>>> print(open('work-v2.cif').read())   # mmCIF, C-alpha atoms
data_run
#
loop_
_atom_site.label_atom_id
_atom_site.label_comp_id
_atom_site.auth_asym_id
_atom_site.auth_seq_id
_atom_site.Cartn_x
_atom_site.Cartn_y
_atom_site.Cartn_z
CA MET A 1164 115.12 64.37 86.14
CA GLN A 1165 112.94 67.31 85.48
CA ILE A 1166 112.38 70.15 87.87
CA ASP A 1167 109.32 72.33 87.51
CA LEU A 1168 109.53 75.79 88.92
CA ARG A 1169 106.34 77.45 89.89
CA THR A 1170 105.24 80.41 91.92
CA VAL A 1171 103.31 79.65 95.04
CA SER A 1172 101.34 82.45 96.50
CA ILE A 1173 101.15 82.10 100.27
CA LYS A 1174 98.37 84.03 101.94
CA PRO A 1175 99.32 85.08 105.43
CA ILE A 1176 96.97 83.54 107.99
CA ARG A 1177 96.73 86.86 109.78
CA ASN A 1178 97.86 90.34 108.89
CA THR A 1179 98.25 91.89 112.27
CA PHE A 1180 97.71 91.39 116.01
CA ASP A 1181 94.17 90.83 117.28
CA ASN A 1182 94.12 93.97 119.39
CA ILE A 1183 95.18 96.08 116.39
CA ALA A 1184 92.61 94.34 114.16
CA ARG A 1185 89.89 95.18 116.68
CA ARG A 1186 90.89 98.82 116.57
CA ILE A 1187 91.32 99.28 112.83
CA GLY A 1188 88.16 97.36 112.09
CA ALA A 1189 89.44 94.28 110.28
CA ASP A 1190 92.40 92.01 109.95
CA LYS A 1191 94.27 94.07 107.38
CA PRO A 1192 97.92 95.05 107.22
CA ALA A 1193 98.64 97.66 109.89
CA SER A 1194 101.36 100.28 109.79
CA ARG A 1195 104.36 100.09 112.09
CA TYR A 1196 103.06 103.17 113.83
CA GLN A 1197 99.77 101.46 114.62
CA GLU A 1198 101.45 98.29 115.82
CA GLY A 1199 103.91 100.24 117.92
CA THR A 1200 101.32 102.50 119.50
CA LEU A 1201 97.84 101.05 119.90
CA ASP A 1202 97.31 99.33 123.25
CA MET A 1203 101.01 99.41 124.03
CA GLN A 1204 100.50 100.68 127.54
CA GLN A 1205 99.54 98.13 130.16
CA THR A 1206 95.97 98.57 131.42
CA ALA A 1207 95.35 95.73 133.87
CA ASN A 1208 96.84 93.60 136.63
CA PHE A 1209 98.42 96.36 138.64
CA HIS A 1210 98.79 94.54 141.93
CA TYR A 1211 100.01 97.47 143.97
CA ARG A 1212 99.55 101.16 143.72
CA PRO A 1213 102.77 103.14 143.55
CA THR A 1214 104.02 104.06 147.05
CA TRP A 1215 104.77 107.58 145.78
CA ASP A 1216 101.16 108.13 144.73
CA PRO A 1217 98.71 105.73 146.43
CA GLU A 1218 95.73 107.70 145.09
CA HIS A 1219 96.37 106.51 141.54
CA ASP A 1220 97.30 103.47 139.54
CA ILE A 1221 100.67 103.66 137.87
CA TYR A 1222 98.91 104.50 134.61
CA ASP A 1223 95.79 106.38 135.53
CA ALA A 1224 93.56 108.44 133.27
CA SER A 1225 92.07 110.25 136.29
CA ARG A 1226 95.28 112.28 136.69
CA SER A 1227 93.85 114.64 134.06
CA ALA A 1228 90.73 116.77 134.05
CA ILE A 1229 90.35 115.93 130.38
CA LYS A 1230 88.13 112.88 129.97
CA MET A 1231 88.34 110.62 126.97
CA ALA A 1232 86.23 107.58 126.19
CA ASP A 1233 89.26 106.19 124.41
CA TRP A 1234 92.71 107.66 124.92
CA TYR A 1235 93.88 105.99 121.74
CA ALA A 1236 91.75 108.48 119.82
CA PHE A 1237 94.92 110.59 119.92
CA LYS A 1238 97.02 109.94 116.89
CA ASP A 1239 100.27 111.48 115.87
CA PRO A 1240 99.82 112.80 112.31
CA ARG A 1241 103.57 112.36 111.79
CA GLN A 1242 103.16 108.70 112.76
CA PHE A 1243 106.31 108.66 114.83
CA TYR A 1244 107.27 105.43 116.47
CA TYR A 1245 110.82 105.05 117.70
CA GLY A 1246 112.27 104.04 114.31
CA ALA A 1247 110.54 106.68 112.21
CA TYR A 1248 111.36 109.35 114.79
CA CYS A 1249 115.07 108.51 114.86
CA LEU A 1250 115.30 108.46 111.07
CA ALA A 1251 113.57 111.82 110.73
CA ARG A 1252 115.75 113.47 113.38
CA ALA A 1253 118.98 111.92 112.07
CA LYS A 1254 118.26 113.53 108.73
CA GLN A 1255 117.63 116.91 110.34
CA GLN A 1256 120.76 116.55 112.46
CA GLU A 1257 122.81 116.10 109.28
CA THR A 1258 121.33 119.27 107.82
CA ALA A 1259 122.03 121.15 111.02
CA GLU A 1260 125.64 119.92 111.13
CA ALA A 1261 126.08 121.00 107.51
CA ASN A 1262 124.70 124.44 108.35
CA PHE A 1263 127.02 124.84 111.34
CA ASP A 1264 130.00 123.72 109.19
CA PHE A 1265 129.02 126.19 106.49
CA VAL A 1266 128.87 129.09 108.91
CA GLU A 1267 132.07 128.06 110.71
CA ASN A 1268 134.21 127.31 107.64
CA ARG A 1269 133.35 130.51 105.85
CA GLY A 1270 133.81 132.61 108.95
CA LEU A 1271 130.28 133.93 108.62
CA ALA A 1272 130.04 134.48 112.38
CA GLY A 1273 132.71 137.18 112.00
CA THR A 1274 130.73 138.98 109.30
CA LEU A 1275 127.73 139.58 111.58
CA PRO A 1276 127.22 143.22 112.47
CA GLU A 1277 128.17 143.80 116.11
CA SER A 1278 124.64 144.86 117.04
CA VAL A 1279 123.05 141.74 115.55
CA ARG A 1280 125.56 139.47 117.26
CA ASP A 1281 124.87 141.12 120.61
CA THR A 1282 121.11 140.87 120.18
CA VAL A 1283 121.30 137.21 119.22
CA LEU A 1284 123.44 136.31 122.22
CA LYS A 1285 121.26 138.27 124.61
CA LEU A 1286 118.05 136.80 123.22
CA LEU A 1287 118.99 133.26 122.32
CA VAL A 1288 121.37 132.02 124.99
CA PRO A 1289 118.97 132.29 127.96
CA LEU A 1290 116.43 130.34 125.90
CA ARG A 1291 118.55 127.25 126.61
CA HIS A 1292 116.95 127.22 130.02
CA VAL A 1293 113.45 127.45 128.53
CA ALA A 1294 114.23 124.50 126.25
CA TRP A 1295 115.52 122.54 129.21
CA GLY A 1296 112.29 123.35 131.06
CA SER A 1297 110.33 121.96 128.15
CA ASN A 1298 112.51 118.85 128.24
CA MET A 1299 111.51 118.33 131.89
CA ASN A 1300 107.85 119.09 131.29
CA ASN A 1301 107.48 116.76 128.34
CA ALA A 1302 109.18 113.92 130.18
CA SER A 1303 106.70 114.52 132.98
CA VAL A 1304 103.70 114.42 130.62
CA CYS A 1305 104.99 111.18 129.15
CA ALA A 1306 105.39 109.67 132.61
CA TYR A 1307 101.99 110.58 134.04
CA SER A 1308 99.66 110.65 131.05
CA TYR A 1309 97.46 107.81 129.87
CA GLY A 1310 97.60 105.88 126.59
CA THR A 1311 100.58 105.47 124.30
CA GLY A 1312 98.95 107.53 121.54
CA PHE A 1313 99.17 110.55 123.80
CA SER A 1314 102.26 109.80 125.88
CA GLN A 1315 104.62 108.58 123.15
CA PRO A 1316 105.04 111.87 121.21
CA HIS A 1317 105.92 113.61 124.47
CA ILE A 1318 109.10 111.69 125.06
CA TYR A 1319 110.17 112.51 121.50
CA HIS A 1320 109.29 116.12 122.16
CA SER A 1321 111.33 115.98 125.34
CA MET A 1322 114.40 114.75 123.48
CA ASP A 1323 113.85 117.34 120.75
CA GLN A 1324 113.93 120.11 123.32
CA LEU A 1325 117.17 118.77 124.75
CA GLY A 1326 118.55 118.92 121.22
CA ILE A 1327 117.31 122.48 120.81
CA ALA A 1328 119.02 123.47 124.08
CA GLN A 1329 122.23 121.98 122.70
CA TYR A 1330 121.91 123.80 119.38
CA ILE A 1331 121.42 127.08 121.24
CA THR A 1332 124.50 126.32 123.32
CA ARG A 1333 126.49 125.76 120.13
CA VAL A 1334 125.25 129.02 118.66
CA GLY A 1335 126.38 130.73 121.88
CA LEU A 1336 129.82 129.13 121.69
CA LEU A 1337 130.17 129.91 117.99
CA LEU A 1338 129.23 133.58 118.24
CA GLY A 1339 130.71 134.10 121.72
CA ASP A 1340 132.68 131.97 124.14
CA VAL A 1341 132.21 129.99 127.34
CA ASP A 1342 131.56 133.18 129.31
CA THR A 1343 128.60 133.88 127.01
CA LEU A 1344 126.83 130.85 128.46
CA ASP A 1345 127.52 131.99 132.02
CA GLU A 1346 126.28 135.43 131.13
CA GLY A 1347 123.12 133.87 129.65
CA LYS A 1348 122.51 131.96 132.88
CA ARG A 1349 123.04 135.15 134.90
CA ALA A 1350 120.56 137.03 132.68
CA TRP A 1351 118.05 134.21 133.08
CA MET A 1352 118.39 134.29 136.87
CA GLU A 1353 118.66 138.02 137.43
CA ASP A 1354 117.69 140.29 134.52
CA ASP A 1355 114.22 141.80 134.67
CA ALA A 1356 113.48 140.94 131.06
CA TRP A 1357 113.60 137.23 131.80
CA GLN A 1358 111.92 136.98 135.19
CA GLY A 1359 108.37 136.76 133.81
CA LEU A 1360 109.27 133.90 131.52
CA ARG A 1361 111.33 132.19 134.23
CA ARG A 1362 108.39 132.35 136.57
CA PHE A 1363 106.13 130.92 133.85
CA VAL A 1364 108.50 128.00 133.25
CA GLU A 1365 109.01 127.32 136.95
CA ASP A 1366 105.27 127.44 137.61
CA SER A 1367 104.71 124.91 134.85
CA PHE A 1368 107.08 122.50 136.64
CA VAL A 1369 104.59 121.95 139.44
CA LEU A 1370 101.49 121.29 137.30
CA LYS A 1371 100.11 117.86 138.13
CA ASP A 1372 97.62 117.45 135.31
CA PRO A 1373 99.52 115.98 132.33
CA PHE A 1374 97.07 117.36 129.78
CA GLU A 1375 97.24 120.83 131.25
CA LEU A 1376 101.01 120.64 131.14
CA PHE A 1377 100.82 119.64 127.48
CA VAL A 1378 98.62 122.66 126.80
CA VAL A 1379 100.80 125.06 128.79
CA GLN A 1380 104.12 123.91 127.40
CA ASN A 1381 103.58 122.59 123.89
CA VAL A 1382 100.54 124.52 122.77
CA VAL A 1383 100.76 127.88 124.53
CA LEU A 1384 104.40 128.57 125.34
CA ASP A 1385 105.90 127.01 122.20
CA GLY A 1386 103.01 128.40 120.17
CA LEU A 1387 103.97 131.96 121.11
CA LEU A 1388 107.72 131.65 121.68
CA TYR A 1389 108.67 130.02 118.38
CA PRO A 1390 106.71 132.34 116.06
CA LEU A 1391 108.04 135.32 118.03
CA VAL A 1392 111.71 134.43 118.37
CA TYR A 1393 112.52 132.14 115.46
CA GLU A 1394 109.97 132.98 112.77
CA THR A 1395 109.73 136.73 113.35
CA ILE A 1396 112.84 138.01 115.09
CA ILE A 1397 115.54 135.75 113.66
CA ASP A 1398 114.14 134.85 110.24
CA ASP A 1399 112.70 138.29 109.47
CA VAL A 1400 113.95 141.16 111.56
CA LEU A 1401 117.58 140.13 112.11
CA SER A 1402 117.98 138.64 108.65
CA SER A 1403 117.15 141.99 107.12
CA GLN A 1404 119.93 143.50 109.25
CA GLY A 1405 122.55 141.04 107.96
CA GLY A 1406 121.87 138.19 110.38
CA THR A 1407 121.09 135.46 107.83
CA PRO A 1408 123.84 133.15 109.18
CA VAL A 1409 121.95 133.00 112.47
CA ALA A 1410 118.82 131.89 110.63
CA MET A 1411 120.88 129.03 109.19
CA LEU A 1412 121.98 127.99 112.66
CA THR A 1413 118.41 127.97 113.98
CA GLN A 1414 116.86 126.30 110.96
CA PHE A 1415 116.16 123.19 112.99
CA MET A 1416 113.99 125.15 115.43
CA THR A 1417 111.94 126.71 112.63
CA ASP A 1418 111.42 123.39 110.85
CA TRP A 1419 110.77 121.55 114.08
CA TYR A 1420 108.11 124.00 115.14
CA ALA A 1421 106.32 123.77 111.79
CA GLU A 1422 106.30 119.99 112.14
CA THR A 1423 105.31 119.63 115.79
CA LYS A 1424 102.63 122.30 115.48
CA LYS A 1425 100.59 119.89 113.38
CA TRP A 1426 100.71 117.27 116.11
CA ALA A 1427 99.80 119.77 118.84
CA ASP A 1428 96.86 121.05 116.79
CA ALA A 1429 95.60 117.55 116.06
CA THR A 1430 95.78 116.65 119.75
CA VAL A 1431 93.87 119.75 120.86
CA LYS A 1432 91.31 119.15 118.14
CA ILE A 1433 90.62 115.56 119.19
CA ALA A 1434 90.32 116.44 122.89
CA ALA A 1435 88.02 119.40 122.19
CA ALA A 1436 85.79 117.41 119.85
CA GLU A 1437 85.32 114.69 122.48
CA SER A 1438 82.92 116.62 124.72
CA PRO A 1439 81.72 120.14 125.61
CA GLU A 1440 83.29 119.65 129.07
CA ASN A 1441 86.71 119.05 127.56
CA LYS A 1442 86.26 122.05 125.34
CA ALA A 1443 85.39 124.27 128.29
CA ILE A 1444 88.44 123.12 130.24
CA LEU A 1445 90.70 123.62 127.22
CA THR A 1446 89.30 127.09 126.59
CA LYS A 1447 90.02 128.07 130.18
CA TRP A 1448 93.57 126.70 130.16
CA LEU A 1449 94.36 128.19 126.78
CA THR A 1450 93.04 131.63 127.64
CA ASP A 1451 94.62 131.86 131.10
CA TRP A 1452 98.03 130.60 130.09
CA ARG A 1453 98.07 132.47 126.79
CA ASP A 1454 97.67 135.79 128.60
CA ARG A 1455 100.41 134.89 131.07
CA ALA A 1456 102.77 133.69 128.34
CA ALA A 1457 102.16 136.75 126.16
CA ALA A 1458 102.91 139.04 129.11
CA ALA A 1459 106.05 137.06 129.97
CA LEU A 1460 107.34 137.12 126.39
CA LEU A 1461 106.77 140.83 125.85
CA PRO A 1462 109.98 141.99 127.61
CA VAL A 1463 111.90 139.16 125.91
CA GLY A 1464 110.76 140.41 122.52
CA ARG A 1465 111.84 143.90 123.53
CA ILE A 1466 115.49 142.76 123.61
CA ALA A 1467 115.44 142.55 119.82
CA LEU A 1468 112.43 144.59 118.80
CA GLY A 1469 112.51 147.51 121.21
CA GLU A 1470 109.26 149.45 121.09
CA ARG A 1471 107.85 147.29 118.30
CA SER A 1472 107.59 144.37 120.70
CA ASP A 1473 103.95 145.14 121.64
CA GLU A 1474 102.82 145.29 118.04
CA VAL A 1475 104.63 142.08 117.03
CA MET A 1476 103.40 140.24 120.13
CA GLY A 1477 99.87 141.31 119.26
CA GLU A 1478 100.23 139.76 115.81
CA VAL A 1479 101.68 136.56 117.23
CA VAL A 1480 98.80 136.24 119.69
CA GLN A 1481 96.30 136.84 116.92
CA GLN A 1482 97.87 134.09 114.81
CA PHE A 1483 97.77 131.83 117.83
CA ASN A 1484 94.06 132.52 118.38
CA ALA A 1485 93.34 131.78 114.73
CA ARG A 1486 95.30 128.53 115.00
CA MET A 1487 93.30 127.42 118.04
CA ALA A 1488 90.01 128.41 116.42
CA LYS A 1489 90.96 126.11 113.55
CA ALA A 1490 91.60 123.32 116.05
CA GLY A 1491 88.10 123.82 117.42
CA VAL A 1492 88.71 125.97 120.49
CA ALA A 1493 87.70 129.56 120.00
CA ILE A 1494 89.62 131.83 122.39
CA MET B 681 86.79 101.35 78.46
CA SER B 682 90.17 99.76 78.90
CA THR B 683 91.88 99.21 82.19
CA VAL B 684 94.75 101.30 83.49
CA PHE B 685 96.86 100.03 86.34
CA LEU B 686 99.65 100.89 88.69
CA ALA B 687 101.77 98.22 90.38
CA LEU B 688 103.64 99.06 93.56
CA GLN B 689 105.89 97.06 95.85
CA THR B 690 104.28 96.01 99.08
CA ASN B 691 106.09 97.80 101.89
CA GLU B 692 105.78 100.43 104.61
CA ASP B 693 106.25 103.29 102.11
CA THR B 694 103.50 102.24 99.74
CA ARG B 695 100.79 101.29 102.25
CA PRO B 696 99.56 104.87 102.78
CA ILE B 697 99.86 105.56 99.05
CA ILE B 698 97.65 102.61 98.21
CA GLU B 699 95.19 103.74 100.87
CA ALA B 700 95.13 107.22 99.32
CA ILE B 701 94.61 105.90 95.80
CA LEU B 702 91.72 103.68 96.89
CA GLN B 703 90.19 106.64 98.72
CA ASP B 704 90.40 108.91 95.67
CA ASN B 705 89.28 106.30 93.14
CA PRO B 706 86.14 104.55 94.32
CA GLY B 707 86.10 102.37 91.21
CA ALA B 708 89.65 101.11 91.65
CA VAL B 709 90.26 97.46 92.45
CA CYS B 710 93.17 96.43 94.60
CA ASP B 711 94.83 93.15 93.65
CA GLU B 712 97.28 91.95 96.29
CA GLN B 713 99.93 89.66 94.93
CA PRO B 714 103.08 88.36 96.58
CA ALA B 715 105.28 91.41 97.29
CA MET B 716 103.25 93.50 94.87
CA VAL B 717 100.01 95.41 94.92
CA LYS B 718 98.35 96.08 91.61
CA ILE B 719 95.64 98.69 91.41
CA ASN B 720 93.31 98.37 88.42
CA ALA B 721 90.82 100.98 87.35
CA ASP B 722 88.53 101.48 84.43
CA GLY B 723 89.81 104.18 82.12
CA LYS B 724 91.34 106.51 84.71
CA LEU B 725 93.35 106.44 87.91
CA VAL B 726 94.35 109.51 89.91
CA VAL B 727 97.06 109.71 92.57
CA ARG B 728 96.65 112.90 94.59
CA ARG B 729 99.51 114.38 96.59
CA GLU B 730 97.22 116.04 99.12
CA THR B 731 95.49 112.81 100.10
CA ILE B 732 98.81 111.06 100.60
CA GLU B 733 100.11 113.94 102.68
CA GLU B 734 97.04 113.82 104.88
CA ILE B 735 97.59 110.15 105.59
CA ILE B 736 101.34 110.23 106.20
CA GLY B 737 101.36 113.58 108.00
CA ARG B 738 104.31 115.09 106.16
CA ASP B 739 105.08 116.80 102.86
CA TYR B 740 105.23 114.39 99.97
CA ASP B 741 106.79 114.68 96.53
CA LEU B 742 104.99 112.55 93.94
CA GLN B 743 108.39 111.66 92.49
CA GLU B 744 109.03 109.58 95.61
CA LEU B 745 106.49 107.17 94.19
CA GLN B 746 108.94 106.12 91.47
CA VAL B 747 111.16 104.35 94.02
CA ASN B 748 108.48 101.79 94.78
CA MET B 749 106.73 101.62 91.44
CA ILE B 750 107.08 98.34 89.57
CA THR B 751 105.11 99.13 86.46
CA MET B 752 102.11 100.95 85.11
CA SER B 753 99.92 101.13 82.07
CA GLY B 754 98.11 104.01 80.46
CA ASN B 755 99.00 107.49 79.30
CA LEU B 756 100.57 109.50 82.04
CA ASP B 757 99.83 113.07 83.00
CA GLN B 758 101.86 114.27 85.93
CA THR B 759 101.80 117.59 87.75
CA ASP B 760 103.12 118.58 91.18
CA ASP B 761 99.74 117.80 92.70
CA GLU B 762 98.41 114.87 90.74
CA MET B 763 99.48 111.89 88.75
CA THR B 764 96.82 110.70 86.36
CA LEU B 765 96.81 107.47 84.36
CA PHE B 766 94.28 107.30 81.54
CA TRP B 767 93.77 106.13 77.97
CA LYS B 768 93.55 108.74 75.26
CA SER B 769 90.46 107.91 73.26
#
>>> encode(input="work-v2.cif", output="structure tokens")
Amino acid sequence: MQIDLRTVSIKPIRNTFDNIARRIGADKPASRYQEGTLDMQQTANFHYRPTWDPEHDIYDASRSAIKMADWYAFKDPRQFYYGAYCLARAKQQETAEANFDFVENRGLAGTLPESVRDTVLKLLVPLRHVAWGSNMNNASVCAYSYGTGFSQPHIYHSMDQLGIAQYITRVGLLLGDVDTLDEGKRAWMEDDAWQGLRRFVEDSFVLKDPFELFVVQNVVLDGLLYPLVYETIIDDVLSSQGGTPVAMLTQFMTDWYAETKKWADATVKIAAAESPENKAILTKWLTDWRDRAAAALLPVGRIALGERSDEVMGEVVQQFNARMAKAGVAI
Amino acid sequence: MSTVFLALQTNEDTRPIIEAILQDNPGAVCDEQPAMVKINADGKLVVRRETIEEIIGRDYDLQELQVNMITMSGNLDQTDDEMTLFWKS
């Protein structure tokens, strides 16, 4: 008996789902991100309106003042769906663990000058509560916003902020002890330096418009807080005073901000390019909240920078304005 | 002119790369075979890091391409930003 081996090329009958094919223009292979994002959210057959909000459908685009012809115009440049997100963060978690091990095993925390250690604890530990606030806010945006392209990145962002709060807690425990955390909470609740920021965070909790909340939390507050605290104070100012180990411990925050900034910019850009009305609303939100955030962060910056806080804050705001101008909203 | 080509495995990693190559090389022809995508071009084929980065939304090292590359033909000129296949005349 003779057996002939041959290669049979089997053409797939279809490359992707019909709804994806309609969106990407043809039946061609789609990425996991596209298949896991486009049209994922249910849009029809809502029999009852939620009892907790009878004015709206459970997913309702009218919750926001921003109007989009198609909410799936929003795309995450990082293309995070659940799998890709977990892989990316697992990798960063490993790096962070290695950094913490490095600092712990070599006793680098003990080598920090007393003044730097004090500044870091005073500045960083209360920021746990800001990160937790962002965790709440992002979960809220995810819950009430419309379209998976916009809502999906927010739940990742929410989890990221929980992680950041935990990293800050670990820095507090490494450089101080359990009382340090209590002291941080007390400072957050009572010290004058923190009350402006606390008020900002608490005011953001009651915002009903998911897109406004996105702007307030992820564009404005993060856009000023991270360059000020992590990029300027920790990576520059404190490092030059012998605080490099701290920069290792907060590496995740620096990297994370650089990464998420791209997504925030892309989202603002798409919304602003949609219509002049959107642009006007965004300009108003960005300007109002930027001024509030800058004023709230000024005394926080003073903890580490003293009198230089005004000058540094001015630079940070200028960078922020330039960033928004690039995204299409001149403020 | 003779043809240069680059053959890549068909998977999630290479899809954006192929898209980038086709964007940067209007003359390139994409030949989809089972589990392999072969990209043919007349004389010259350029793979640009920037285009790939734009599509995948993260930093990319052209060396990562090697993991999914099956074969190629042509003289190779590689820098941090570009990988060029061509025939020296």
>>> interface_residues(input="work-v2.cif", of="chain B", to="chain A", cutoff="10 Å", atoms="only C-alpha atoms", output="ChimeraX atom specification")
/B:691-693,695-696,712-715,733-739
>>> residues_around(input="work-v2.cif", residues="A:Leu1401", least_positions_apart="6", cutoff="10 Å", atoms="only C-alpha atoms", output="PyMOL selection string")
chain A and resi 1278-1280+1282-1283+1395+1407-1410+1467-1468
>>> write_last_selection(input="work-v2.cif", atoms="C-alpha atoms", output="PDB file, in the frame of the given file")
ATOM      1  CA  SER A1278     124.640 144.860 117.040  1.00  0.00           C
ATOM      2  CA  VAL A1279     123.050 141.740 115.550  1.00  0.00           C
ATOM      3  CA  ARG A1280     125.560 139.470 117.260  1.00  0.00           C
ATOM      4  CA  THR A1282     121.110 140.870 120.180  1.00  0.00           C
ATOM      5  CA  VAL A1283     121.300 137.210 119.220  1.00  0.00           C
ATOM      6  CA  THR A1395     109.730 136.730 113.350  1.00  0.00           C
ATOM      7  CA  THR A1407     121.090 135.460 107.830  1.00  0.00           C
ATOM      8  CA  PRO A1408     123.840 133.150 109.180  1.00  0.00           C
ATOM      9  CA  VAL A1409     121.950 133.000 112.470  1.00  0.00           C
ATOM     10  CA  ALA A1410     118.820 131.890 110.630  1.00  0.00           C
ATOM     11  CA  ALA A1467     115.440 142.550 119.820  1.00  0.00           C
ATOM     12  CA  LEU A1468     112.430 144.590 118.800  1.00  0.00           C
TER      13      LEU A1468
END
>>> residues_near_point(input="work-v2.cif", point="(113.7, 118.1, 132.1)", cutoff="12 Å", atoms="only C-alpha atoms", output="JSON, numbers by chain")
{"A": [1291, 1292, 1293, 1294, 1295, 1296, 1297, 1298, 1299, 1300, 1301, 1302, 1303, 1304, 1305, 1306, 1317, 1318, 1320, 1321, 1322, 1323, 1324, 1325, 1326, 1328, 1364, 1365, 1367, 1368]}
>>> residues_around(input="work-v2.cif", residues="A:Glu1437", least_positions_apart="4", cutoff="9 Å", atoms="all atoms listed in the file", output="tab-separated table (two decimals) with C-alpha atoms, in the coordinates of the input")
chain	number	residue	atom	x	y	z
A	1230	LYS	CA	88.13	112.88	129.97
A	1231	MET	CA	88.34	110.62	126.97
A	1232	ALA	CA	86.23	107.58	126.19
A	1432	LYS	CA	91.31	119.15	118.14
A	1433	ILE	CA	90.62	115.56	119.19
A	1441	ASN	CA	86.71	119.05	127.56
A	1442	LYS	CA	86.26	122.05	125.34
>>> resolve_selection(input="work-v2.cif", expression="the PyMOL selection byres ((chain A and resi 1223) around 9)", output="ChimeraX atom specification")
/A:1206,1219-1222,1224-1227,1307-1309
>>> residues_around(input="work-v2.cif", residues="B:Asn748", least_positions_apart="4", cutoff="10 Å", atoms="all atoms listed in the file", output="PyMOL selection string")
chain B and resi 687-691+693-694+716+744
>>> residues_around(input="work-v2.cif", residues="A:Thr1332", least_positions_apart="4", cutoff="12 Å", atoms="only C-alpha atoms", output="list of chain:residue names")
A:Leu1284, A:Leu1287, A:Val1288, A:Pro1289, A:Leu1290, A:Arg1291, A:His1292, A:Ala1294, A:Trp1295, A:Leu1325, A:Gly1326, A:Ile1327, A:Ala1328, A:Leu1336, A:Leu1337, A:Leu1338, A:Gly1339, A:Asp1340, A:Val1341, A:Asp1342, A:Thr1343, A:Leu1344, A:Asp1345, A:Gly1347, A:Lys1348, A:Leu1412, A:Thr1413
>>> write_last_selection(input="work-v2.cif", atoms="C-alpha atoms", output="PDB file, keeping the file's coordinate frame")
ATOM      1  CA  LEU A1284     123.440 136.310 122.220  1.00  0.00           C
ATOM      2  CA  LEU A1287     118.990 133.260 122.320  1.00  0.00           C
ATOM      3  CA  VAL A1288     121.370 132.020 124.990  1.00  0.00           C
ATOM      4  CA  PRO A1289     118.970 132.290 127.960  1.00  0.00           C
ATOM      5  CA  LEU A1290     116.430 130.340 125.900  1.00  0.00           C
ATOM      6  CA  ARG A1291     118.550 127.250 126.610  1.00  0.00           C
ATOM      7  CA  HIS A1292     116.950 127.220 130.020  1.00  0.00           C
ATOM      8  CA  ALA A1294     114.230 124.500 126.250  1.00  0.00           C
ATOM      9  CA  TRP A1295     115.520 122.540 129.210  1.00  0.00           C
ATOM     10  CA  LEU A1325     117.170 118.770 124.750  1.00  0.00           C
ATOM     11  CA  GLY A1326     118.550 118.920 121.220  1.00  0.00           C
ATOM     12  CA  ILE A1327     117.310 122.480 120.810  1.00  0.00           C
ATOM     13  CA  ALA A1328     119.020 123.470 124.080  1.00  0.00           C
ATOM     14  CA  LEU A1336     129.820 129.130 121.690  1.00  0.00           C
ATOM     15  CA  LEU A1337     130.170 129.910 117.990  1.00  0.00           C
ATOM     16  CA  LEU A1338     129.230 133.580 118.240  1.00  0.00           C
ATOM     17  CA  GLY A1339     130.710 134.100 121.720  1.00  0.00           C
ATOM     18  CA  ASP A1340     132.680 131.970 124.140  1.00  0.00           C
ATOM     19  CA  VAL A1341     132.210 129.990 127.340  1.00  0.00           C
ATOM     20  CA  ASP A1342     131.560 133.180 129.310  1.00  0.00           C
ATOM     21  CA  THR A1343     128.600 133.880 127.010  1.00  0.00           C
ATOM     22  CA  LEU A1344     126.830 130.850 128.460  1.00  0.00           C
ATOM     23  CA  ASP A1345     127.520 131.990 132.020  1.00  0.00           C
ATOM     24  CA  GLY A1347     123.120 133.870 129.650  1.00  0.00           C
ATOM     25  CA  LYS A1348     122.510 131.960 132.880  1.00  0.00           C
ATOM     26  CA  LEU A1412     121.980 127.990 112.660  1.00  0.00           C
ATOM     27  CA  THR A1413     118.410 127.970 113.980  1.00  0.00           C
TER      28      THR A1413
END
>>> atom_distance(input="work-v2.cif", atom1="atom CA of B:Leu742", atom2="atom CA of B:Ile697")
10.1 Å
>>> residues_around(input="work-v2.cif", residues="B:Thr731", least_positions_apart="6", cutoff="9 Å", atoms="all atoms listed in the file", output="list in words")
Ile697, Ala700, Ile701, Gln703 and Asp704 of chain B
>>> closest_residue(input="work-v2.cif", among="B:Cys710, B:Leu725, B:Val717, B:Leu702", to="B:Gln758", atoms="all atoms listed in the file")
B:Leu725
>>> closest_residue(input="work-v2.cif", among="A:Gly1406, A:Gly1312, A:Pro1439, A:Pro1390", to="A:Gly1464", atoms="all atoms listed in the file")
A:Pro1390
>>> decode(input="work-v2.cif", residues="stretch 1270-1275 of chain A", atoms="N, CA and C atoms", output="short mmCIF file (atom, residue, chain, number, x, y, z; two decimals), in the first residue's frame")
data_model
loop_
_atom_site.label_atom_id
_atom_site.label_comp_id
_atom_site.auth_asym_id
_atom_site.auth_seq_id
_atom_site.Cartn_x
_atom_site.Cartn_y
_atom_site.Cartn_z
N GLY A 1270 19.62 46.55 52.67
CA GLY A 1270 19.45 47.53 53.75
C GLY A 1270 19.53 48.96 53.27
N LEU A 1271 19.08 49.19 52.03
CA LEU A 1271 19.21 50.54 51.48
C LEU A 1271 18.31 51.55 52.20
N ALA A 1272 17.21 51.03 52.79
CA ALA A 1272 16.31 51.94 53.50
C ALA A 1272 17.06 52.62 54.64
N GLY A 1273 17.99 51.88 55.27
CA GLY A 1273 18.75 52.42 56.39
C GLY A 1273 19.76 53.46 55.96
N THR A 1274 20.16 53.44 54.68
CA THR A 1274 21.18 54.38 54.23
C THR A 1274 20.59 55.74 53.85
N LEU A 1275 19.26 55.82 53.81
CA LEU A 1275 18.64 57.10 53.43
C LEU A 1275 18.94 58.16 54.48
#
